[in-house]
Structure formats: structure tokens, C-alpha cells
Protein chains: 2
Amino acid sequence: MMSYFTEANSAETVNARMDPATNPRLAVIMASLVRHLHAFAKDVTLTQEEWETAIAFLTRTGQMCSGERQEFILLSDVLGLSMLVDAINNRRPEGATENTVFGPFHVPDAPIREMGANISLDGKGESCLFEGRVLDLDGQPVEGACVDVWSDNADGYYDVQQPGIQPRWNNRGRFFTGPDGAYAFRGIKPVSYPIPDDGPVGQMLGQLGRHPYRPAHMHYLVTAPGFQKLVTHTFVGGDDYLASDAVFGVKTTLVAPFEPVTSGDTAWRSPFDFVLVRE
Amino acid sequence: MMSYFTEANSAETVNARMDPATNPRLAVIMASLVRHLHAFAKDVTLTQEEWETAIAFLTRTGQMCSGERQEFILLSDVLGLSMLVDAINNRRPEGATENTVFGPFHVPDAPIREMGANISLDGKGESCLFEGRVLDLDGQPVEGACVDVWSDNADGYYDVQQPGIQPRWNNRGRFFTGPDGAYAFRGIKPVSYPIPDDGPVGQMLGQLGRHPYRPAHMHYLVTAPGFQKLVTHTFVGGDDYLASDAVFGVKTTLVAPFEPVTSGDTAWRSPFDFVLVRE
């Protein structure tokens with residue numbers, strides 16, 4: 001008995017078209033995607049004109065992408081999908097440091113610096129000492145951990161956004177822990193900044209009455225042999241945008257203290273320990 | 001009490017970020033979209049790598065779009081979304097002719113031709129007489145209806161796909177009904193053809209073990225003052241691809257008879273009545 005597509009059987013009809021020899025994982029993903037896509041259109045009784053608006057939006061989003069700009073990742077970020085995928089794939093036991101989004105501004109192979117070195121090379125911003133330890137879940141120090149750090153400068157831009165303006169490797173560095181698991185470096189107290197909002201995603205945020213800002217944060221990629229990779233930020237407590245991060249990256253446990261320092265040439269101190277999970 | 005994004009509250013947190021002054025219809029659509037998008041990612045436990053694959057696919061799809069090619073519409077078509085939106089927006093009473101997808105090949109303002117004229121200008125294909133009446137739901141003829149028709153040629157291409165190769169307005173024309181509501185024109189028995197499959201959507205179809213073919217069909221846009229617009233096809237009964245139309249456009253009631261004709265210079269006859277619904 002031939003069964004043609006109808007409003008009632010729409011998703012089942014589309015999914016039944018997949019070849020039984022389709023890669024099983026792809027089949028699971030596509031079947032769920034089609035079910036949710038059709039349920040969405042039915043739930044909102046999507047009009048032809050709204051569908052056309054969506055097609056045009058997706059097209060503009062794709063055409064905004066270039067080597068320096070990934071508008072579909074921005075879209076995923078502001079819809080909370082990036083954080084959700086990060087959360088799903090990084091469920092950790094109580095006590096372990098939580099993950100957050102990687103972001104587009106990491107550069108591999110940053111300079112390996114002496115413990116305590118200053119990563120801020122442009123002389124801007126309020127100097128801040130970042131220090132703490134890399135630990136395992138039992139509280140024991142992790143030796144030989146690589147603490148790869150990066151942040152924006154005091155103007156709210158990463159070095160890769162301003163080649164020729166900022167020094168190369170400004171506010172970036174890698175630090176390797178010794179037997180005590182301790183790390184320390186000087187940087188600046190990070191500042192909040194907007195995600196690129198001059199494209200379709202920025203227009204969408206505008207229509208939803210949402211601002212494009214991220215609260216100030218320091219990025220960390222912490223790796224050590226035998227441990228799960230940790231991709232995270234520490235956020236500056238008290239930042240105006242903590243509760244409204246445009247990409248939903250904030251977690252309570254990642255809000256770090258930033259304490260004023262009254263002596264020396266450093267204005268702030270931010271202590272934070274990273275707790276890794278064994279593989 | 002501040003509530004940050006978590007795996008459990010993800011969609012609610014994103015949706016709570018919308019300004020209360022957001023256009024109400026946009027707010028409804030976005031809230032449902034975010035709920036379904038997040039539910040999809042959770043249902044399949046989407047991995048980081050799969051997310052990256054999806055981002056790259058959407059980017060390629062956007063960058064395939066040009067003035068002559070709309071890859072996101074193709075994507076919507078092969079996922080059944082285009083037909084679903086068509087169905088949702090064109091629910092009609094029993095007895096009315098059903099809608100199907102408009103497709104990308106309509107050209108407005110086709111030549112108005114004498115009733116019975118031949119729209120096939122390239123001399124290719126098997127000649128076919130298309131005839132019937134435009135009626136209302138009570139079976140009464142609709143006078144002054146415009147029957148706008150278009151099809152591919154015997155090689156499976158529309159004239160706009162082959163400028164300089166096919167005559168302009170090949171297999172296109174508009175016919176206006178008289179007091180009897182009757183229409184008649186000569187064309188060719190349409191042939192099945194593939195949707196453009198040299199892009200990301202074609203690659204996706206390949207991975208799903210799906211072919212890109214549409215069953216042979218004649219396109220109709222039937223309009224008349226005081227009646228709802230009808231966008232539909234008639235399909236050639238017996239076509240190999242009826243049960244597997246790449247874009248899910250087939251409906252049982254739109255499969256038309258194509259009867260061999262034993263006399264004259266016409267090989268086939270396809271009778272079909274269109275029943276319109278008053279506005």
C-alpha cells in the first residue's frame with residue numbers, strides 16, 4: 001500500500017525514505033532532526049512567508065561566513081546550542097572544574113612562558129595576578145599540566161582581531177606546572193566585549209531585544225597526561241553581564257574572585273584552582 | 001536568585017533572555033525553535049564533532065546559494081519541510097484540489113495563449129493533450145480563471161535552465177477559461193528529472209541512500225477572482241518515482257490519467273478538473 005506524504009505522517013514519511021544501509025548514527029541524528037523540525041513547523045503553524053524569511057536568514061548567515069568569521073557558530077552560540085553541546089559532552093563528577101565554550105579566539109602553540117610571567121604585552125589595562133593549582137579529584141597536585149591561557153586586551157579585542165595593532169601573542173601563553181601543581185601568571189583584569197554583531201545574528205539579537213556582550217573572562221585550556229581535557233573560563237565576579245552572557249557561558253562555579261592588591265605593581269589578584277578528572 | 005544556563009534548564013534560560021517587548025509572533029517562533037533545537041541535541045546526545053560537521057554543512061549550503069541556485073530551499077525540500085509548510089497553509093475542504101510545492105521554475109507573465117494551443121516549442125517529446133474544467137466546490141464552472149502551466153522539456157530541463165538552448169517560454173503558457181470553465185492545451189507528457197544534486201544537499205541525499213529524482217509532473221498555478229490561489233502539479237500515473245519523489249510533492253489525488261490516443265498527431269491525453277475554494 002502506497003503511503004504519500006501528508007501533514008499527519010510527514011516526519012515518518014521523510015524518515016522512511018532513508019536507506020536501511022545508512023550509517024546507523026547518521027540515521028539516528030537525521031530521524032530526530034526531521035521529527036523536531038516538523039514538530040516545530042506544526043507547533044507554530046509556520047506560514048509560507050515566515051518560511052521564506054527563515055530561508056533568507058540562513059542564506060545570509062552562510063554568506064557572512066569567511067576565513068575570519070563563522071556566523072553559523074555565532075548563531076549556535078546565541079541560541080545556547082554551543083553551550084548545550086558542551087554541557088552534554090562534558091558531564092563531570094562533583095568537585096571537578098566545569099567546562100565552558102572554547103570560543104573562536106584560541107591559537108595553538110602559544111609561547112611557553114616562565115611561571116609568573118606577564119602575558120600582557122601592550123601595556124594596557126589593569127594588571128592582575130592569576131594563580132592557583134591544578135589538582136585531581138582527591139586534591140592531589142597534578143605535575144606537568146599545561147595551562148594554556150588567553151584573553152582580550154583592555155580594549156576588548158583579542159590579538160588575532162587586531163594584527164599589526166596588538167603585539168603578536170598579546171595576552172596569551174602556556175605555563176607548565178611543577179610537582180606542587182601550582183601555576184601563576186600576570187595578565188590584565190579582562191573586560192567585557194560584544195560578539196561580532198554586524199551580521200544576521202546581530203540583527204536577530206536586536207529583534208529579540210538582546211545585547212551582544214560577553215561578561216569579562218579569562219580563557220583556559222588545561223591538559224595533562226592521563227586527565228580529561230578541560231576547556232573553561234574564569235569570569236570576573238561582579239561583571240554587569242554575568243547574568244546575561246550573549247552565549248550563555250557562565251556557570252556559578254566559574255565566577256572567580258578578583259581581589260584588589262594594595263602593594264606592588266599589580267592591581268588585582270585572582271586565585272582559582274582547576275580540578276581535573278582522570279581519563 | 002540568579003539562574004545560569006545548565007543542561008537541564010537550557011531552552012528555558014535562552015528563551016527567558018528575550019525582551020518582553022519582542023514581536024509576539026517572533027517570540028512564539030523563536031521559543032519553539034529553541035525548545036526543539038535543544039531537545040534534538042539532547043535526544044541524540046550530539047557530540048562536539050557532529051556539531052562541527054553540522055556547522056560546516058550549513059556553511060557550505062549557504063555558500064552554494066546564488067542568483068540561480070537556492071540550496072537552502074533544496075534542503076527544506078528534501079527534508080519534507082517545504083511540503084509540510086505547504087500543507088499547513090493550504091488545508092482545504094474535501095473535494096477541493098490539493099496544493100503541492102510551487103518549485104523554483106515558475107516565471108511570471110508567461111504568454112497568454114489561445115485555448116488548445118501547443119506550449120511545446122522545441123519539437124521534442126511525446127505530444128499530450130491536457131484538458132478539463134475549473135470548477136467550484138458545487139461543481140459549477142469558474143469563468144475567467146487563469147490556468148498558468150509549466151513543465152520541463154523532454155530532456156528533463158525547464159527553459160530557464162537552458163537559456164539559448166531551449167526557445168524562450170518553451171513549455172509555458174497561460175489560458176483563461178470561458179463560461180464553461182474548460183481549459184485545454186497541448187504540451188508533452190512530462191518526464192522525471194533530478195533536482196540539482198552537485199551540492200551539499202546532493203551529498204546528504206547520497207549519504208542517506210536517497211535518489212534526487214522527481215516523478216514527471218505538469219505544474220499549475222490556477223487563480224480566479226474570489227477564489228483561493230491553487231498551486232499544484234498533476235503527476236504522470238505509473239511514473240517510477242511516484243512513491244519516492246525527492247521533495248515529497250506527490251498526493252494521491254494529484255496523480256492524473258495519461259491515456260494513449262490512437263488518432264491524430266497527439267500521442268496522449270490527460271484529463272483533469274481543478275476544484276477551487278472561495279476566499
# chains A, B, ... in the order shown; residues from 1 in each chain; ligands from 1
>>> select_by_dssp(residues="segment 35-235 of chain A", states="strand (DSSP E or B)", output="JSON, numbers by chain")
{"A": [66, 69, 112, 118, 127, 128, 129, 130, 131, 132, 133, 134, 135, 141, 146, 147, 148, 149, 150, 163, 166, 172, 173, 174, 175, 176, 182, 183, 184, 185, 186, 187, 188, 193, 194, 213, 214, 217, 218, 219, 220, 221, 222, 223, 227, 230, 231, 232, 233, 234, 235]}
>>> residues_around(residues="segment 54-71 of chain A", least_positions_apart="3", cutoff="6 Å", atoms="only C-alpha atoms", output="PyMOL selection string")
(chain A and resi 51+74+200) or (chain B and resi 59+62-63)
>>> select_by_dssp(residues="segment 24-228 of chain A", states="helix (DSSP H, G or I)", output="PyMOL selection string")
chain A and resi 24-44+48-64+71-78+81-88+159-161+200-207
>>> residues_around(residues="Thr223 of chain A", least_positions_apart="4", cutoff="8 Å", atoms="only C-alpha atoms", output="list of chain:residue names")
A:Ala145, A:Cys146, A:Val147, A:Phe227, A:Gln228, A:Lys229, A:Leu230
>>> write_last_selection(atoms="C-alpha atoms", output="mmCIF file, in the first residue's frame")
data_model
loop_
_atom_site.group_PDB
_atom_site.id
_atom_site.type_symbol
_atom_site.label_atom_id
_atom_site.label_comp_id
_atom_site.auth_asym_id
_atom_site.auth_seq_id
_atom_site.Cartn_x
_atom_site.Cartn_y
_atom_site.Cartn_z
ATOM 1 C CA ALA A 145 49.847 20.125 33.423
ATOM 2 C CA CYS A 146 49.787 22.636 30.583
ATOM 3 C CA VAL A 147 47.786 25.765 31.470
ATOM 4 C CA PHE A 227 43.427 13.514 32.512
ATOM 5 C CA GLN A 228 40.414 14.720 30.537
ATOM 6 C CA LYS A 229 40.951 17.978 28.677
ATOM 7 C CA LEU A 230 39.429 20.994 30.462
#
>>> closest_residue(among="A:Asp245, A:Glu114, A:Asp239, A:Asp159", to="chain B", atoms="only C-alpha atoms")
A:Asp245
>>> closest_residue(among="B:Val277, B:Met115, B:Ala96, B:Ala11", to="Ala41 of chain B", atoms="only C-alpha atoms")
B:Ala11
